[in-house]
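Listing of model07.cif; format and content: mmCIF, C-alpha atoms.
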```cif
data_query
#
loop_
_atom_site.label_atom_id
_atom_site.label_comp_id
_atom_site.auth_asym_id
_atom_site.auth_seq_id
_atom_site.Cartn_x
_atom_site.Cartn_y
_atom_site.Cartn_z
CA ALA N 1 224.89 190.88 119.83
CA GLY N 2 221.59 189.41 121.09
CA PRO N 3 219.72 189.38 117.75
CA GLU N 4 222.75 187.96 115.88
CA VAL N 5 222.99 185.03 118.33
CA GLU N 6 219.29 184.33 117.95
CA ARG N 7 219.58 184.28 114.13
CA HIS N 8 222.56 181.93 114.36
CA LEU N 9 220.67 179.54 116.63
CA GLU N 10 217.65 179.65 114.32
CA ARG N 11 219.74 178.64 111.30
CA ALA N 12 221.40 175.81 113.27
CA ALA N 13 218.13 174.43 114.66
CA PRO N 14 216.58 171.52 112.77
CA HIS N 15 213.33 171.85 110.86
CA PRO N 16 210.38 170.89 113.07
CA VAL N 17 209.42 167.95 110.78
CA ALA N 18 213.02 166.77 110.66
CA ALA N 19 213.22 167.00 114.41
CA ILE N 20 210.09 164.92 114.80
CA LEU N 21 211.52 162.22 112.45
CA GLY N 22 214.82 162.27 114.28
CA PHE N 23 216.87 163.74 111.41
CA ARG N 24 219.84 165.92 112.19
CA PRO N 25 221.31 168.72 110.07
CA ALA N 26 223.87 167.46 107.54
CA SER N 27 227.40 167.96 108.72
CA PRO N 28 229.94 169.87 106.60
CA GLU N 29 231.90 166.60 106.15
CA PHE N 30 228.83 164.81 104.71
CA LEU N 31 228.07 167.69 102.37
CA ALA N 32 231.64 167.57 101.10
CA MET N 33 231.43 163.84 100.40
CA ALA N 34 228.04 163.82 98.66
CA PRO N 35 229.27 164.77 95.15
CA ALA N 36 231.91 162.03 95.20
CA ASP N 37 229.38 159.43 96.33
CA THR N 38 226.95 160.54 93.65
CA SER N 39 229.67 160.30 91.02
CA ALA N 40 230.60 156.76 92.12
CA SER N 41 226.95 155.71 92.05
CA MET N 42 226.55 157.10 88.54
CA ARG N 43 229.67 155.32 87.38
CA TYR N 44 228.42 152.02 88.81
CA ALA N 45 225.02 152.49 87.19
CA GLU N 46 226.67 153.15 83.82
CA PHE N 47 228.94 150.12 84.23
CA ALA N 48 225.98 147.93 85.18
CA LYS N 49 224.04 149.18 82.15
CA GLN N 50 226.92 148.33 79.82
CA GLU N 51 227.37 144.90 81.39
CA ILE N 52 223.66 144.13 81.07
CA THR N 53 223.79 145.11 77.40
CA PHE N 54 226.76 142.80 76.85
CA ILE N 55 225.09 139.93 78.72
CA GLU N 56 221.86 140.29 76.74
CA SER N 57 223.85 140.23 73.50
CA GLU N 58 225.64 137.05 74.58
CA LEU N 59 222.39 135.39 75.64
CA LYS N 60 220.80 136.31 72.32
CA ASP N 61 223.71 134.73 70.42
CA TRP N 62 223.47 131.59 72.55
CA PHE N 63 219.72 131.28 71.95
CA LEU N 64 220.05 131.78 68.18
CA GLN N 65 222.86 129.22 67.95
CA ARG N 66 220.87 126.64 69.90
CA ARG N 67 217.75 127.29 67.82
CA PHE N 68 219.68 127.09 64.55
CA SER N 69 221.42 123.87 65.62
CA MET N 70 218.13 122.29 66.65
CA GLU N 71 216.39 123.13 63.37
CA ARG N 72 219.43 122.04 61.34
CA ASN N 73 219.75 118.71 63.15
CA LEU N 74 216.04 117.97 62.84
CA ALA N 75 216.17 118.72 59.12
CA LEU N 76 219.20 116.47 58.67
CA LYS N 77 217.58 113.64 60.59
CA LYS N 78 214.41 113.94 58.51
CA ALA N 79 216.43 113.82 55.28
CA LEU N 80 218.40 110.81 56.52
CA ASP N 81 215.24 109.04 57.66
CA ASP N 82 213.47 109.70 54.36
CA SER N 83 216.33 108.31 52.27
CA ASN N 84 217.56 105.78 54.85
CA PHE N 85 221.02 107.17 54.10
CA THR N 86 222.92 105.89 57.11
CA GLY N 87 220.74 103.15 58.50
CA LEU N 88 218.98 105.39 60.99
CA SER N 89 215.69 103.86 59.91
CA MET N 90 216.52 100.72 61.86
CA SER N 91 214.66 102.49 64.66
CA ASN N 92 211.87 103.68 62.38
CA PRO N 93 208.76 101.47 62.78
CA ALA N 94 207.53 102.52 59.33
CA VAL N 95 210.39 100.63 57.63
CA PRO N 96 209.48 97.10 56.44
CA PRO N 97 210.99 94.36 58.66
CA ALA N 98 212.93 92.86 55.76
CA GLN N 99 214.68 96.15 54.98
CA MET N 100 215.28 96.76 58.68
CA ALA N 101 216.96 93.37 58.96
CA LEU N 102 219.16 94.16 55.94
CA TRP N 103 220.23 97.41 57.53
CA ALA N 104 221.01 95.75 60.85
CA GLU N 105 223.30 93.29 59.08
CA LEU N 106 224.97 95.99 56.96
CA VAL N 107 225.59 98.36 59.86
CA GLN N 108 226.33 96.06 62.78
CA GLY N 109 225.96 92.43 61.79
CA LYS N 110 227.31 90.36 58.89
CA PRO N 111 225.60 90.21 55.50
CA GLU N 112 225.28 86.52 54.67
CA LEU N 113 223.46 84.15 52.29
CA GLU N 114 221.89 81.27 54.20
CA ASP N 115 222.24 77.80 52.79
CA ALA N 116 218.52 77.19 53.30
CA LEU N 117 217.74 79.70 50.55
CA GLY N 118 217.46 78.66 46.94
CA SER N 119 219.83 79.96 44.27
CA ASN N 120 217.39 82.61 43.05
CA ALA N 121 216.69 83.78 46.60
CA LYS N 122 220.42 83.96 47.37
CA GLN N 123 221.09 86.00 44.25
CA MET N 124 218.17 88.32 45.01
CA LYS N 125 219.32 88.85 48.59
CA ALA N 126 222.87 89.61 47.47
CA GLU N 127 221.52 92.17 45.02
CA MET N 128 219.38 93.73 47.75
CA TYR N 129 222.43 94.01 50.01
CA THR N 130 224.42 95.70 47.24
CA LYS N 131 221.67 98.09 46.15
CA THR N 132 220.82 99.14 49.71
CA PHE N 133 224.48 99.72 50.58
CA LYS N 134 225.40 101.65 47.43
CA ASP N 135 222.26 103.77 47.49
CA SER N 136 223.02 104.77 51.07
CA THR N 137 226.73 105.60 50.86
CA ASP N 138 228.32 108.22 48.64
CA PHE N 139 231.67 107.85 46.93
CA ASP N 140 233.46 109.68 49.74
CA HIS N 141 232.25 107.28 52.42
CA PRO N 142 235.31 105.53 53.91
CA CYS N 143 233.54 102.15 53.95
CA ARG N 144 232.11 102.26 50.44
CA VAL N 145 235.02 100.44 48.77
CA PRO N 146 235.58 97.66 51.34
CA GLY N 147 231.83 97.17 51.74
CA SER N 148 231.26 96.98 48.01
CA GLN N 149 234.11 94.49 47.64
CA TYR N 150 232.68 92.16 50.27
CA LEU N 151 229.17 92.35 48.81
CA GLN N 152 230.58 91.72 45.36
CA CYS N 153 232.22 88.59 46.75
CA LEU N 154 228.83 87.43 48.04
CA SER N 155 227.19 88.11 44.69
CA SER N 156 229.91 86.34 42.74
CA ASN N 157 229.76 83.23 44.93
CA PHE N 158 226.06 83.06 45.77
CA LYS N 159 225.81 79.51 44.37
CA ASP N 160 228.40 78.21 46.84
CA THR N 161 227.54 76.99 50.28
CA ARG N 162 228.49 79.11 53.25
CA THR N 163 231.39 76.80 54.12
CA ILE N 164 232.92 77.14 50.64
CA ARG N 165 232.19 80.86 50.29
CA GLU N 166 233.53 81.84 53.73
CA PRO N 167 237.29 81.44 52.97
CA LYS N 168 236.87 83.47 49.79
CA CYS N 169 235.21 86.45 51.45
CA VAL N 170 236.39 86.41 55.07
CA SER N 171 239.33 88.77 54.54
CA LEU N 172 237.13 91.26 52.68
CA PHE N 173 234.58 91.19 55.47
CA SER N 174 237.28 91.76 58.11
CA THR N 175 238.37 94.91 56.29
CA PHE N 176 234.77 96.08 55.96
CA ASP N 177 233.99 95.31 59.60
CA GLY N 178 237.07 97.19 60.79
CA CYS N 179 236.02 100.22 58.77
CA ARG N 180 232.50 100.11 60.22
CA LYS N 181 233.80 99.95 63.78
CA ASN N 182 236.14 102.88 63.14
CA VAL N 183 233.30 105.00 61.75
CA LEU N 184 231.04 104.16 64.69
CA GLN N 185 233.85 105.06 67.11
CA GLN N 186 234.40 108.40 65.38
CA GLN N 187 230.68 109.12 65.52
CA SER N 188 230.57 108.27 69.22
CA GLN N 189 233.54 110.53 69.99
CA ALA N 190 232.09 113.37 67.91
CA LEU N 191 228.76 113.04 69.73
CA GLU N 192 230.45 113.11 73.13
CA SER N 193 232.53 116.15 72.18
CA SER N 194 229.45 117.94 70.86
CA LEU N 195 227.51 117.25 74.05
CA ILE N 196 230.38 118.57 76.18
CA LYS N 197 230.57 121.79 74.15
CA GLN N 198 226.80 122.20 74.37
CA ASP N 199 226.84 121.68 78.14
CA ILE N 200 229.61 124.27 78.57
CA ALA N 201 227.66 126.80 76.48
CA ASP N 202 224.47 126.11 78.45
CA ARG N 203 226.22 126.51 81.80
CA ARG N 204 227.77 129.78 80.66
CA ALA N 205 224.36 131.03 79.51
CA LYS N 206 222.87 130.10 82.90
CA ALA N 207 225.63 132.02 84.72
CA LEU N 208 225.12 135.05 82.48
CA PHE N 209 221.37 134.99 83.10
CA GLU N 210 221.88 134.83 86.85
CA ARG N 211 224.38 137.70 86.66
CA ARG N 212 221.85 139.75 84.68
CA MET N 213 219.19 139.17 87.32
CA THR N 214 221.65 140.33 90.01
CA LEU N 215 222.45 143.53 88.14
CA ILE N 216 218.80 144.29 87.49
#
```

Take the structure I supplied and represent it as structure tokens, if you would.
Amino acid sequence: AGPEVERHLERAAPHPVAAILGFRPASPEFLAMAPADTSASMRYAEFAKQEITFIESELKDWFLQRRFSMERNLALKKALDDSNFTGLSMSNPAVPPAQMALWAELVQGKPELEDALGSNAKQMKAEMYTKTFKDSTDFDHPCRVPGSQYLQCLSSNFKDTRTIREPKCVSLFSTFDGCRKNVLQQQSQALESSLIKQDIADRRAKALFERRMTLI
């Protein structure tokens, strides 16, 4: 019995290095739990890998959409600036002051023929109003008809003084002005809605990026 006891004690004793480091032999309970813990760790690693792949795909889509929108908007603005299609060139210093003043009156002010101008100057200014407006609005523009009607009234009565011409054209201008204000309001609401959507997408992308950093 003596040698068997010694062999049993030798197997139960810790390795000298393990003893020095303070390690103890693994208990039967720990050895039984190890496979389960390893399986759970592997499942978590696989889940994290799949989630990272999904997050990277979402972040790539967000980046491409933002990049495409930026390039598209810059191209549209350049085209509109080059053709002065919607009056954006009011803020363009390269536009002549006379044309800038015409645009300011067409978009926000009131196109008018001053009494101090001669007949030829009045007629020329009315024609400039009409040409600038028609060249910068397509047939589907909601304000093309009322705007053209008011400018036609100016052109037809350019010889009259402002006092005489005003009663003839005031109702047409009111319709045109109401249309302009409605378009500007729609543009303002569309801009606000677009900025809100962009902010939501950016915040979501930020949260996804932070989640990716946590998983990594």

- Task: Could you list the residues chosen by the PyMOL selection byres ((chain N and resi 144) around 12) in this structure as a ChimeraX atom specification?
- Result: /N:86,106,130,132-143,145-152,175-177,179-180,183

- Query: Rounded to one decimal in Å, what is the spacing between CA of Pro111 in chain N and CA of Tyr129 in chain N?
  - Reply: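 About the pair CA of Pro111 in chain N and CA of Tyr129 in chain N: they are 7.4 Å apart.
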
- Item | Straight-line distance linking CA of Ala98 in chain N with CA of Gln186 in chain N, stated in Å to one decimal |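 About the pair CA of Ala98 in chain N and CA of Gln186 in chain N: they are 28.2 Å apart.
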
Axis-aligned box over every listed atom of range 193-197 of chain N, padded by 3 Å per side: centre and edges in Å to one decimal, as lines of an AutoDock Vina configuration file?
```
center_x = 230.0
center_y = 119.0
center_z = 73.5
size_x = 11.0
size_y = 11.6
size_z = 11.3
```

- At what distance in Å, to one decimal, does CA of Ser194 in chain N lie from CA of Leu80 in chain N?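 Result for CA of Leu80 in chain N versus CA of Ser194 in chain N: 19.5 Å, one decimal.
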
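Each of N:Glu114, N:Phe158, N:Gly109, N:Cys169 was checked against Ala126 in chain N using only C-alpha atoms; the smallest atom-to-atom distance is that of N:Phe158.
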
- Message: Could you check which residues have any atom within 12 Å of (220.8, 85.1, 44.8), counting all atoms listed in the file with coordinates taken straight from the file, and then list them as number ranges by chain?
- Response: N: 112-130, 151-152, 154-161

Give me range 111-126 of chain N from this structure - all heavy atoms, as an mmCIF file, in the first residue's frame.
```cif
data_model
loop_
_atom_site.group_PDB
_atom_site.id
_atom_site.type_symbol
_atom_site.label_atom_id
_atom_site.label_comp_id
_atom_site.auth_asym_id
_atom_site.auth_seq_id
_atom_site.Cartn_x
_atom_site.Cartn_y
_atom_site.Cartn_z
ATOM 1 N N PRO N 111 -40.746 94.088 -59.433
ATOM 2 C CA PRO N 111 -40.311 94.677 -60.699
ATOM 3 C C PRO N 111 -41.146 95.923 -61.015
ATOM 4 O O PRO N 111 -42.379 95.871 -61.008
ATOM 5 C CB PRO N 111 -40.577 93.557 -61.717
ATOM 6 C CG PRO N 111 -40.598 92.304 -60.906
ATOM 7 C CD PRO N 111 -41.173 92.695 -59.584
ATOM 8 N N GLU N 112 -40.470 97.029 -61.279
ATOM 9 C CA GLU N 112 -41.173 98.290 -61.490
ATOM 10 C C GLU N 112 -40.405 99.146 -62.485
ATOM 11 O O GLU N 112 -39.185 98.994 -62.648
ATOM 12 C CB GLU N 112 -41.339 99.024 -60.154
ATOM 13 C CG GLU N 112 -42.234 100.246 -60.198
ATOM 14 C CD GLU N 112 -43.621 99.927 -60.728
ATOM 15 O OE1 GLU N 112 -44.461 99.470 -59.948
ATOM 16 O OE2 GLU N 112 -43.841 100.115 -61.958
ATOM 17 N N LEU N 113 -41.146 100.044 -63.165
ATOM 18 C CA LEU N 113 -40.558 100.987 -64.118
ATOM 19 C C LEU N 113 -40.653 102.379 -63.513
ATOM 20 O O LEU N 113 -41.757 102.919 -63.335
ATOM 21 C CB LEU N 113 -41.300 100.926 -65.452
ATOM 22 C CG LEU N 113 -41.410 99.531 -66.103
ATOM 23 C CD1 LEU N 113 -42.220 99.597 -67.390
ATOM 24 C CD2 LEU N 113 -40.030 98.937 -66.367
ATOM 25 N N GLU N 114 -39.502 102.948 -63.152
ATOM 26 C CA GLU N 114 -39.485 104.237 -62.489
ATOM 27 C C GLU N 114 -39.902 105.353 -63.450
ATOM 28 O O GLU N 114 -39.576 105.331 -64.639
ATOM 29 C CB GLU N 114 -38.093 104.533 -61.929
ATOM 30 C CG GLU N 114 -37.653 103.580 -60.829
ATOM 31 C CD GLU N 114 -37.139 102.248 -61.369
ATOM 32 O OE1 GLU N 114 -37.066 102.105 -62.612
ATOM 33 O OE2 GLU N 114 -36.837 101.357 -60.554
ATOM 34 N N ASP N 115 -40.584 106.322 -62.903
ATOM 35 C CA ASP N 115 -41.033 107.443 -63.722
ATOM 36 C C ASP N 115 -39.865 108.287 -64.211
ATOM 37 O O ASP N 115 -39.987 109.002 -65.224
ATOM 38 C CB ASP N 115 -42.001 108.328 -62.919
ATOM 39 C CG ASP N 115 -43.325 107.620 -62.628
ATOM 40 O OD1 ASP N 115 -43.645 106.666 -63.363
ATOM 41 O OD2 ASP N 115 -44.016 108.004 -61.666
ATOM 42 N N ALA N 116 -38.733 108.236 -63.520
ATOM 43 C CA ALA N 116 -37.585 109.048 -63.923
ATOM 44 C C ALA N 116 -36.950 108.529 -65.218
ATOM 45 O O ALA N 116 -36.201 109.261 -65.879
ATOM 46 C CB ALA N 116 -36.544 109.059 -62.806
ATOM 47 N N LEU N 117 -37.249 107.316 -65.597
ATOM 48 C CA LEU N 117 -36.695 106.757 -66.831
ATOM 49 C C LEU N 117 -37.463 107.262 -68.036
ATOM 50 O O LEU N 117 -38.675 107.519 -67.974
ATOM 51 C CB LEU N 117 -36.750 105.228 -66.789
ATOM 52 C CG LEU N 117 -35.961 104.527 -65.681
ATOM 53 C CD1 LEU N 117 -36.223 103.020 -65.727
ATOM 54 C CD2 LEU N 117 -34.469 104.806 -65.804
ATOM 55 N N GLY N 118 -36.740 107.367 -69.156
ATOM 56 C CA GLY N 118 -37.409 107.730 -70.403
ATOM 57 C C GLY N 118 -38.190 106.555 -70.962
ATOM 58 O O GLY N 118 -38.099 105.420 -70.481
ATOM 59 N N SER N 119 -38.968 106.804 -72.008
ATOM 60 C CA SER N 119 -39.807 105.754 -72.594
ATOM 61 C C SER N 119 -38.974 104.590 -73.101
ATOM 62 O O SER N 119 -39.305 103.413 -72.879
ATOM 63 C CB SER N 119 -40.653 106.337 -73.733
ATOM 64 O OG SER N 119 -41.561 107.302 -73.234
ATOM 65 N N ASN N 120 -37.871 104.898 -73.801
ATOM 66 C CA ASN N 120 -37.024 103.822 -74.320
ATOM 67 C C ASN N 120 -36.396 103.010 -73.192
ATOM 68 O O ASN N 120 -36.301 101.781 -73.272
ATOM 69 C CB ASN N 120 -35.929 104.406 -75.206
ATOM 70 C CG ASN N 120 -36.485 104.982 -76.496
ATOM 71 O OD1 ASN N 120 -37.581 104.601 -76.935
ATOM 72 N ND2 ASN N 120 -35.746 105.895 -77.111
ATOM 73 N N ALA N 121 -35.972 103.692 -72.136
ATOM 74 C CA ALA N 121 -35.361 102.998 -70.999
ATOM 75 C C ALA N 121 -36.389 102.116 -70.286
ATOM 76 O O ALA N 121 -36.076 101.008 -69.854
ATOM 77 C CB ALA N 121 -34.767 104.021 -70.033
ATOM 78 N N LYS N 122 -37.628 102.633 -70.164
ATOM 79 C CA LYS N 122 -38.684 101.833 -69.534
ATOM 80 C C LYS N 122 -38.968 100.570 -70.344
ATOM 81 O O LYS N 122 -39.092 99.473 -69.796
ATOM 82 C CB LYS N 122 -39.965 102.659 -69.403
ATOM 83 C CG LYS N 122 -39.918 103.747 -68.355
ATOM 84 C CD LYS N 122 -41.268 104.458 -68.306
ATOM 85 C CE LYS N 122 -41.269 105.567 -67.259
ATOM 86 N NZ LYS N 122 -42.574 106.277 -67.215
ATOM 87 N N GLN N 123 -39.084 100.742 -71.647
ATOM 88 C CA GLN N 123 -39.360 99.599 -72.512
ATOM 89 C C GLN N 123 -38.222 98.576 -72.448
ATOM 90 O O GLN N 123 -38.447 97.361 -72.366
ATOM 91 C CB GLN N 123 -39.564 100.067 -73.945
ATOM 92 C CG GLN N 123 -39.962 98.954 -74.902
ATOM 93 C CD GLN N 123 -40.209 99.465 -76.313
ATOM 94 O OE1 GLN N 123 -39.858 100.610 -76.640
ATOM 95 N NE2 GLN N 123 -40.821 98.650 -77.149
ATOM 96 N N MET N 124 -36.982 99.068 -72.451
ATOM 97 C CA MET N 124 -35.833 98.177 -72.381
ATOM 98 C C MET N 124 -35.796 97.432 -71.053
ATOM 99 O O MET N 124 -35.525 96.223 -71.014
ATOM 100 C CB MET N 124 -34.538 98.975 -72.557
ATOM 101 C CG MET N 124 -33.284 98.128 -72.591
ATOM 102 S SD MET N 124 -31.789 99.127 -72.821
ATOM 103 C CE MET N 124 -32.144 99.864 -74.427
ATOM 104 N N LYS N 125 -36.098 98.122 -69.960
ATOM 105 C CA LYS N 125 -36.085 97.466 -68.653
ATOM 106 C C LYS N 125 -37.174 96.419 -68.558
ATOM 107 O O LYS N 125 -36.972 95.324 -68.001
ATOM 108 C CB LYS N 125 -36.250 98.502 -67.546
ATOM 109 C CG LYS N 125 -36.070 97.920 -66.150
ATOM 110 C CD LYS N 125 -36.140 98.983 -65.069
ATOM 111 C CE LYS N 125 -35.904 98.365 -63.694
ATOM 112 N NZ LYS N 125 -35.976 99.375 -62.606
ATOM 113 N N ALA N 126 -38.357 96.719 -69.096
ATOM 114 C CA ALA N 126 -39.441 95.745 -69.081
ATOM 115 C C ALA N 126 -39.059 94.501 -69.878
ATOM 116 O O ALA N 126 -39.352 93.364 -69.477
ATOM 117 C CB ALA N 126 -40.712 96.382 -69.650
#
```
